[in-house]
>>> print(open('coords-v1.cif').read())   # mmCIF, N, CA and C atoms
data_protein
#
loop_
_atom_site.label_atom_id
_atom_site.label_comp_id
_atom_site.auth_asym_id
_atom_site.auth_seq_id
_atom_site.Cartn_x
_atom_site.Cartn_y
_atom_site.Cartn_z
N MET A 63 89.85 135.11 123.58
CA MET A 63 90.87 136.07 123.23
C MET A 63 90.87 136.25 121.72
N ALA A 64 90.77 137.48 121.27
CA ALA A 64 90.75 137.79 119.84
C ALA A 64 92.15 137.69 119.27
N ARG A 65 92.25 137.17 118.07
CA ARG A 65 93.54 137.09 117.38
C ARG A 65 93.67 138.27 116.45
N ARG A 66 94.84 138.88 116.47
CA ARG A 66 95.11 140.01 115.58
C ARG A 66 96.23 139.64 114.63
N LEU A 67 96.08 140.05 113.39
CA LEU A 67 97.13 139.85 112.41
C LEU A 67 98.05 141.06 112.43
N LEU A 68 99.31 140.82 112.18
CA LEU A 68 100.26 141.92 112.10
C LEU A 68 100.07 142.69 110.81
N THR A 69 100.15 144.00 110.90
CA THR A 69 100.08 144.82 109.70
C THR A 69 101.39 144.68 108.93
N PRO A 70 101.39 145.01 107.63
CA PRO A 70 102.65 144.94 106.88
C PRO A 70 103.76 145.79 107.50
N VAL A 71 103.41 146.96 108.04
CA VAL A 71 104.41 147.82 108.67
C VAL A 71 105.01 147.13 109.89
N ALA A 72 104.17 146.46 110.69
CA ALA A 72 104.66 145.76 111.87
C ALA A 72 105.59 144.61 111.48
N VAL A 73 105.26 143.93 110.41
CA VAL A 73 106.10 142.82 109.95
C VAL A 73 107.46 143.34 109.50
N VAL A 74 107.47 144.41 108.70
CA VAL A 74 108.73 144.99 108.22
C VAL A 74 109.55 145.50 109.40
N THR A 75 108.90 146.18 110.35
CA THR A 75 109.61 146.68 111.53
C THR A 75 110.25 145.55 112.31
N ALA A 76 109.53 144.45 112.48
CA ALA A 76 110.07 143.30 113.21
C ALA A 76 111.26 142.69 112.46
N LEU A 77 111.17 142.60 111.14
CA LEU A 77 112.28 142.04 110.35
C LEU A 77 113.51 142.92 110.42
N VAL A 78 113.32 144.25 110.36
CA VAL A 78 114.46 145.16 110.46
C VAL A 78 115.12 145.02 111.83
N ALA A 79 114.31 144.93 112.88
CA ALA A 79 114.86 144.76 114.23
C ALA A 79 115.68 143.48 114.32
N LEU A 80 115.19 142.41 113.72
CA LEU A 80 115.94 141.15 113.72
C LEU A 80 117.25 141.28 112.96
N LEU A 81 117.22 141.95 111.81
CA LEU A 81 118.44 142.14 111.03
C LEU A 81 119.46 142.97 111.79
N ILE A 82 118.99 144.03 112.44
CA ILE A 82 119.90 144.89 113.21
C ILE A 82 120.50 144.11 114.36
N SER A 83 119.69 143.36 115.07
CA SER A 83 120.23 142.59 116.20
C SER A 83 121.18 141.51 115.69
N GLY A 84 120.90 140.95 114.53
CA GLY A 84 121.80 139.96 113.96
C GLY A 84 123.14 140.57 113.60
N ALA A 85 123.13 141.78 113.05
CA ALA A 85 124.38 142.47 112.72
C ALA A 85 125.18 142.74 113.98
N ALA A 86 124.49 143.17 115.04
CA ALA A 86 125.19 143.44 116.30
C ALA A 86 125.78 142.16 116.87
N GLN A 87 125.06 141.06 116.76
CA GLN A 87 125.56 139.79 117.28
C GLN A 87 126.72 139.28 116.45
N ALA A 88 126.78 139.67 115.18
CA ALA A 88 127.86 139.21 114.32
C ALA A 88 129.17 139.94 114.62
N GLY A 89 129.14 140.87 115.58
CA GLY A 89 130.38 141.53 115.97
C GLY A 89 130.52 142.95 115.48
N GLU A 90 129.53 143.45 114.77
CA GLU A 90 129.61 144.83 114.29
C GLU A 90 129.32 145.78 115.44
N ASP A 91 130.24 146.70 115.66
CA ASP A 91 130.05 147.70 116.71
C ASP A 91 129.29 148.88 116.13
N VAL A 92 128.28 149.36 116.88
CA VAL A 92 127.53 150.54 116.50
C VAL A 92 127.61 151.53 117.64
N VAL A 93 128.01 152.76 117.33
CA VAL A 93 128.11 153.83 118.31
C VAL A 93 127.16 154.94 117.86
N GLU A 94 126.37 155.47 118.79
CA GLU A 94 125.42 156.52 118.44
C GLU A 94 125.94 157.90 118.85
N VAL A 95 125.67 158.85 117.97
CA VAL A 95 125.94 160.26 118.23
C VAL A 95 124.59 160.96 118.15
N GLU A 96 124.23 161.65 119.21
CA GLU A 96 122.96 162.36 119.26
C GLU A 96 123.14 163.78 118.74
N MET A 97 122.21 164.22 117.92
CA MET A 97 122.20 165.58 117.42
C MET A 97 121.12 166.33 118.20
N LEU A 98 121.54 167.24 119.08
CA LEU A 98 120.61 167.93 119.98
C LEU A 98 121.19 169.28 120.38
N ASP A 99 120.31 170.26 120.50
CA ASP A 99 120.72 171.61 120.92
C ASP A 99 121.85 172.15 120.04
N TYR A 100 121.75 171.91 118.75
CA TYR A 100 122.73 172.40 117.78
C TYR A 100 124.14 171.91 118.09
N GLY A 101 124.23 170.65 118.51
CA GLY A 101 125.52 170.04 118.77
C GLY A 101 125.49 168.55 118.53
N PHE A 102 126.66 167.96 118.35
CA PHE A 102 126.83 166.51 118.26
C PHE A 102 127.28 166.03 119.62
N HIS A 103 126.63 165.01 120.15
CA HIS A 103 126.93 164.51 121.49
C HIS A 103 127.18 163.01 121.44
N PRO A 104 128.42 162.54 121.60
CA PRO A 104 129.63 163.31 121.84
C PRO A 104 130.14 163.94 120.54
N ALA A 105 130.86 165.03 120.69
CA ALA A 105 131.40 165.75 119.53
C ALA A 105 132.68 165.10 119.01
N GLU A 106 133.35 164.32 119.86
CA GLU A 106 134.59 163.66 119.47
C GLU A 106 134.53 162.20 119.91
N LEU A 107 134.87 161.31 118.97
CA LEU A 107 134.84 159.87 119.24
C LEU A 107 136.13 159.23 118.76
N GLU A 108 136.52 158.16 119.44
CA GLU A 108 137.58 157.28 118.94
C GLU A 108 136.96 155.91 118.80
N VAL A 109 137.04 155.34 117.59
CA VAL A 109 136.47 154.03 117.30
C VAL A 109 137.50 153.19 116.55
N THR A 110 137.27 151.90 116.50
CA THR A 110 138.15 151.02 115.74
C THR A 110 137.61 150.82 114.33
N VAL A 111 138.50 150.43 113.42
CA VAL A 111 138.11 150.14 112.05
C VAL A 111 136.97 149.13 112.06
N GLY A 112 135.96 149.38 111.23
CA GLY A 112 134.81 148.49 111.13
C GLY A 112 133.63 148.95 111.98
N THR A 113 133.82 149.98 112.78
CA THR A 113 132.73 150.48 113.62
C THR A 113 131.76 151.31 112.78
N THR A 114 130.48 151.14 113.07
CA THR A 114 129.45 151.95 112.45
C THR A 114 129.05 153.05 113.42
N VAL A 115 129.00 154.27 112.93
CA VAL A 115 128.52 155.39 113.74
C VAL A 115 127.13 155.75 113.22
N ARG A 116 126.19 155.86 114.14
CA ARG A 116 124.81 156.22 113.80
C ARG A 116 124.51 157.58 114.42
N TRP A 117 124.19 158.56 113.57
CA TRP A 117 123.79 159.88 114.04
C TRP A 117 122.28 159.90 114.14
N VAL A 118 121.76 160.31 115.30
CA VAL A 118 120.32 160.31 115.55
C VAL A 118 119.88 161.74 115.89
N SER A 119 118.90 162.24 115.17
CA SER A 119 118.38 163.58 115.44
C SER A 119 117.40 163.51 116.61
N ALA A 120 117.76 164.18 117.70
CA ALA A 120 116.90 164.23 118.88
C ALA A 120 116.23 165.59 119.01
N GLU A 121 116.35 166.41 117.97
CA GLU A 121 115.72 167.73 117.98
C GLU A 121 114.21 167.59 117.85
N ARG A 122 113.50 168.64 118.18
CA ARG A 122 112.05 168.63 118.05
C ARG A 122 111.54 169.55 116.94
N ARG A 123 112.35 170.57 116.55
CA ARG A 123 111.82 171.53 115.60
C ARG A 123 112.75 171.86 114.43
N THR A 124 113.89 171.24 114.35
CA THR A 124 114.82 171.58 113.27
C THR A 124 115.44 170.31 112.71
N SER A 125 116.19 170.44 111.65
CA SER A 125 116.88 169.30 111.05
C SER A 125 118.37 169.59 110.97
N HIS A 126 119.13 168.52 110.86
CA HIS A 126 120.58 168.62 110.76
C HIS A 126 121.06 167.65 109.68
N ASP A 127 122.31 167.81 109.29
CA ASP A 127 122.95 166.81 108.44
C ASP A 127 124.34 166.52 108.99
N VAL A 128 125.01 165.57 108.38
CA VAL A 128 126.37 165.19 108.75
C VAL A 128 127.18 165.28 107.46
N TYR A 129 128.10 166.25 107.40
CA TYR A 129 128.84 166.50 106.17
C TYR A 129 130.34 166.38 106.41
N PHE A 130 131.01 165.56 105.59
CA PHE A 130 132.45 165.35 105.65
C PHE A 130 133.09 166.15 104.52
N PRO A 131 133.61 167.36 104.81
CA PRO A 131 134.12 168.23 103.73
C PRO A 131 135.32 167.66 102.99
N ASP A 132 136.17 166.90 103.67
CA ASP A 132 137.35 166.34 103.00
C ASP A 132 136.98 165.33 101.93
N GLU A 133 135.78 164.76 102.05
CA GLU A 133 135.32 163.76 101.08
C GLU A 133 134.15 164.27 100.25
N ASP A 134 133.65 165.45 100.58
CA ASP A 134 132.48 166.02 99.92
C ASP A 134 131.33 165.01 99.89
N THR A 135 131.04 164.45 101.06
CA THR A 135 129.97 163.47 101.17
C THR A 135 129.32 163.59 102.55
N GLY A 136 128.15 163.02 102.67
CA GLY A 136 127.48 163.04 103.96
C GLY A 136 126.04 162.59 103.86
N SER A 137 125.30 162.93 104.88
CA SER A 137 123.92 162.48 105.00
C SER A 137 122.96 163.48 104.36
N PRO A 138 121.72 163.03 104.15
CA PRO A 138 120.68 164.00 103.82
C PRO A 138 120.28 164.74 105.10
N ARG A 139 119.38 165.70 105.00
CA ARG A 139 118.85 166.38 106.18
C ARG A 139 118.11 165.35 107.02
N LEU A 140 118.39 165.36 108.32
CA LEU A 140 117.76 164.43 109.25
C LEU A 140 116.79 165.20 110.13
N PHE A 141 115.54 164.84 110.06
CA PHE A 141 114.51 165.48 110.84
C PHE A 141 114.33 164.73 112.16
N PRO A 142 113.54 165.27 113.10
CA PRO A 142 113.40 164.62 114.41
C PRO A 142 113.14 163.11 114.30
N ASP A 143 113.90 162.35 115.09
CA ASP A 143 113.82 160.90 115.20
C ASP A 143 114.34 160.14 113.98
N GLU A 144 114.95 160.82 113.03
CA GLU A 144 115.58 160.13 111.91
C GLU A 144 117.05 159.91 112.21
N SER A 145 117.66 158.94 111.50
CA SER A 145 119.07 158.65 111.73
C SER A 145 119.76 158.32 110.41
N TRP A 146 121.09 158.33 110.47
CA TRP A 146 121.93 158.00 109.33
C TRP A 146 123.17 157.32 109.87
N GLU A 147 123.70 156.35 109.12
CA GLU A 147 124.86 155.58 109.57
C GLU A 147 125.99 155.62 108.56
N ARG A 148 127.19 155.45 109.10
CA ARG A 148 128.38 155.28 108.27
C ARG A 148 129.32 154.31 108.97
N THR A 149 129.83 153.35 108.22
CA THR A 149 130.81 152.41 108.75
C THR A 149 132.19 152.87 108.30
N PHE A 150 133.10 152.96 109.25
CA PHE A 150 134.45 153.46 108.98
C PHE A 150 135.39 152.28 108.76
N GLU A 151 135.86 152.14 107.51
CA GLU A 151 136.68 150.99 107.11
C GLU A 151 138.17 151.31 107.07
N GLU A 152 138.54 152.58 107.16
CA GLU A 152 139.94 152.98 107.07
C GLU A 152 140.33 153.81 108.29
N PRO A 153 141.54 153.58 108.85
CA PRO A 153 141.98 154.43 109.95
C PRO A 153 142.18 155.87 109.47
N GLY A 154 141.99 156.79 110.39
CA GLY A 154 142.18 158.19 110.05
C GLY A 154 141.34 159.09 110.94
N THR A 155 141.43 160.38 110.67
CA THR A 155 140.64 161.37 111.39
C THR A 155 139.62 161.94 110.42
N TYR A 156 138.36 161.88 110.80
CA TYR A 156 137.25 162.29 109.96
C TYR A 156 136.52 163.46 110.63
N GLU A 157 136.78 164.66 110.14
CA GLU A 157 136.10 165.84 110.67
C GLU A 157 134.80 166.03 109.90
N TYR A 158 133.76 166.47 110.61
CA TYR A 158 132.48 166.69 109.96
C TYR A 158 131.75 167.86 110.64
N TYR A 159 130.72 168.33 109.99
CA TYR A 159 129.89 169.38 110.57
C TYR A 159 128.50 169.33 109.98
N CYS A 160 127.60 170.09 110.58
CA CYS A 160 126.24 170.24 110.07
C CYS A 160 126.24 171.45 109.15
N GLN A 161 125.97 171.25 107.87
CA GLN A 161 126.01 172.36 106.91
C GLN A 161 125.04 173.49 107.26
N PRO A 162 123.78 173.20 107.61
CA PRO A 162 122.87 174.30 107.92
C PRO A 162 123.25 175.07 109.19
N HIS A 163 124.03 174.44 110.07
CA HIS A 163 124.35 175.09 111.35
C HIS A 163 125.85 175.22 111.58
N GLU A 164 126.60 175.29 110.51
CA GLU A 164 128.05 175.48 110.63
C GLU A 164 128.36 176.79 111.35
N ASN A 165 127.51 177.80 111.14
CA ASN A 165 127.73 179.09 111.80
C ASN A 165 127.49 179.02 113.31
N ARG A 166 126.89 177.95 113.79
CA ARG A 166 126.70 177.73 115.23
C ARG A 166 127.78 176.80 115.78
N ASP A 167 128.80 176.55 114.97
CA ASP A 167 129.93 175.70 115.35
C ASP A 167 129.48 174.28 115.68
N MET A 168 128.53 173.75 114.91
CA MET A 168 128.05 172.38 115.07
C MET A 168 129.01 171.46 114.32
N ARG A 169 130.05 171.01 115.04
CA ARG A 169 131.13 170.22 114.45
C ARG A 169 131.40 168.97 115.26
N GLY A 170 132.01 168.00 114.60
CA GLY A 170 132.42 166.78 115.29
C GLY A 170 133.63 166.18 114.60
N VAL A 171 134.21 165.17 115.26
CA VAL A 171 135.36 164.47 114.68
C VAL A 171 135.33 163.02 115.15
N ILE A 172 135.65 162.13 114.21
CA ILE A 172 135.76 160.69 114.49
C ILE A 172 137.21 160.30 114.24
N HIS A 173 137.86 159.73 115.26
CA HIS A 173 139.21 159.19 115.14
C HIS A 173 139.06 157.68 114.99
N VAL A 174 139.50 157.15 113.85
CA VAL A 174 139.38 155.71 113.58
C VAL A 174 140.77 155.10 113.70
N ILE A 175 140.89 154.10 114.59
CA ILE A 175 142.17 153.45 114.82
C ILE A 175 142.07 151.97 114.50
N GLU A 176 143.20 151.33 114.27
CA GLU A 176 143.23 149.88 114.03
C GLU A 176 142.84 149.14 115.31
N ALA A 177 142.12 148.05 115.15
CA ALA A 177 141.80 147.21 116.31
C ALA A 177 143.05 146.49 116.76
N GLU A 178 143.19 146.31 118.03
CA GLU A 178 144.39 145.63 118.57
C GLU A 178 144.23 144.15 118.56
#
>>> encode(input="coords-v1.cif", output="structure tokens")
Amino acid sequence: MARRLLTPVAVVTALVALLISGAAQAGEDVVEVEMLDYGFHPAELEVTVGTTVRWVSAERRTSHDVYFPDEDTGSPRLFPDESWERTFEEPGTYEYYCQPHENRDMRGVIHVIEAE
């Protein structure tokens, strides 16, 4: 049986996977929102303080972003299979939209509540 060495990319990928699984085991909640067909799925979420939301682009031919107008902040353009995360540390309602596709009503909202 031939022995193969891991490439540097494989090593980094494995380390990132371990770090992510470690964060999840440490109690950090991660919720995914899929960006597909010019929409956020789900478009409305309720999460507790400390939850991380990960937006994942599932499109094949276009890019999207996640923009929070009340804070004038957000993600860069996300191309197919790319993602961006935000951890919500304060309770409140966070409305967002995709700037390039605002005219297609590509909007979402995150309701952040205190953990019980």
>>> select_by_dssp(input="coords-v1.cif", residues="segment 89-144 of chain A", states="strand (DSSP E or B)", output="number ranges by chain")
A: 92-98, 101-103, 106-110, 114-119, 126, 129-130, 135-136, 140
>>> closest_residue(input="coords-v1.cif", among="A:Gly112, A:Pro142, A:Pro162, A:Pro104", to="Val174 of chain A", atoms="only C-alpha atoms")
A:Gly112
>>> closest_residue(input="coords-v1.cif", among="A:Ala120, A:Ile175, A:Glu108, A:Glu157", to="Leu140 of chain A", atoms="only N, CA and C atoms")
A:Ala120
>>> resolve_selection(input="coords-v1.cif", expression="the PyMOL selection byres ((chain A and resi 124) around 7)", output="PyMOL selection string")
chain A and resi 121-123+125-126+140-142
>>> closest_residue(input="coords-v1.cif", among="A:Val111, A:Val118, A:Glu164, A:Pro131", to="Val95 of chain A", atoms="all atoms listed in the file")
A:Val118
>>> closest_residue(input="coords-v1.cif", among="A:Ala105, A:Thr155, A:Asp91, A:Thr114", to="His173 of chain A", atoms="only N, CA and C atoms")
A:Thr155
>>> closest_residue(input="coords-v1.cif", among="A:Val128, A:Cys160, A:Val92, A:Ile172", to="Leu107 of chain A", atoms="only C-alpha atoms")
A:Ile172
>>> atom_distance(input="coords-v1.cif", atom1="atom N of Thr110 of chain A", atom2="atom CA of His163 of chain A")
27.0 Å
>>> axis_aligned_box(input="coords-v1.cif", around="segment 97-101 of chain A", padding_each_side="5 Å", output="lines of an AutoDock Vina configuration file")
center_x = 122.9
center_y = 168.3
center_z = 119.2
size_x = 15.2
size_y = 18.2
size_z = 13.5
>>> resolve_selection(input="coords-v1.cif", expression="the PyMOL selection byres (((chain A and resi 96 and name CA) around 7) and name CA)", output="PyMOL selection string")
chain A and resi 94-95+97-98+102-103+117-120
>>> write_last_selection(input="coords-v1.cif", atoms="N, CA and C atoms", output="mmCIF file, in the frame of the given file")
data_model
loop_
_atom_site.group_PDB
_atom_site.id
_atom_site.type_symbol
_atom_site.label_atom_id
_atom_site.label_comp_id
_atom_site.auth_asym_id
_atom_site.auth_seq_id
_atom_site.Cartn_x
_atom_site.Cartn_y
_atom_site.Cartn_z
ATOM 1 N N GLU A 94 126.370 155.470 118.790
ATOM 2 C CA GLU A 94 125.420 156.520 118.440
ATOM 3 C C GLU A 94 125.940 157.900 118.850
ATOM 4 N N VAL A 95 125.670 158.850 117.970
ATOM 5 C CA VAL A 95 125.940 160.260 118.230
ATOM 6 C C VAL A 95 124.590 160.960 118.150
ATOM 7 N N MET A 97 122.210 164.220 117.920
ATOM 8 C CA MET A 97 122.200 165.580 117.420
ATOM 9 C C MET A 97 121.120 166.330 118.200
ATOM 10 N N LEU A 98 121.540 167.240 119.080
ATOM 11 C CA LEU A 98 120.610 167.930 119.980
ATOM 12 C C LEU A 98 121.190 169.280 120.380
ATOM 13 N N PHE A 102 126.660 167.960 118.350
ATOM 14 C CA PHE A 102 126.830 166.510 118.260
ATOM 15 C C PHE A 102 127.280 166.030 119.620
ATOM 16 N N HIS A 103 126.630 165.010 120.150
ATOM 17 C CA HIS A 103 126.930 164.510 121.490
ATOM 18 C C HIS A 103 127.180 163.010 121.440
ATOM 19 N N TRP A 117 124.190 158.560 113.570
ATOM 20 C CA TRP A 117 123.790 159.880 114.040
ATOM 21 C C TRP A 117 122.280 159.900 114.140
ATOM 22 N N VAL A 118 121.760 160.310 115.300
ATOM 23 C CA VAL A 118 120.320 160.310 115.550
ATOM 24 C C VAL A 118 119.880 161.740 115.890
ATOM 25 N N SER A 119 118.900 162.240 115.170
ATOM 26 C CA SER A 119 118.380 163.580 115.440
ATOM 27 C C SER A 119 117.400 163.510 116.610
ATOM 28 N N ALA A 120 117.760 164.180 117.700
ATOM 29 C CA ALA A 120 116.900 164.230 118.880
ATOM 30 C C ALA A 120 116.230 165.590 119.010
#
>>> residues_around(input="coords-v1.cif", residues="Val171 of chain A", least_positions_apart="3", cutoff="6 Å", atoms="only C-alpha atoms", output="number ranges by chain")
A: 106, 156-158
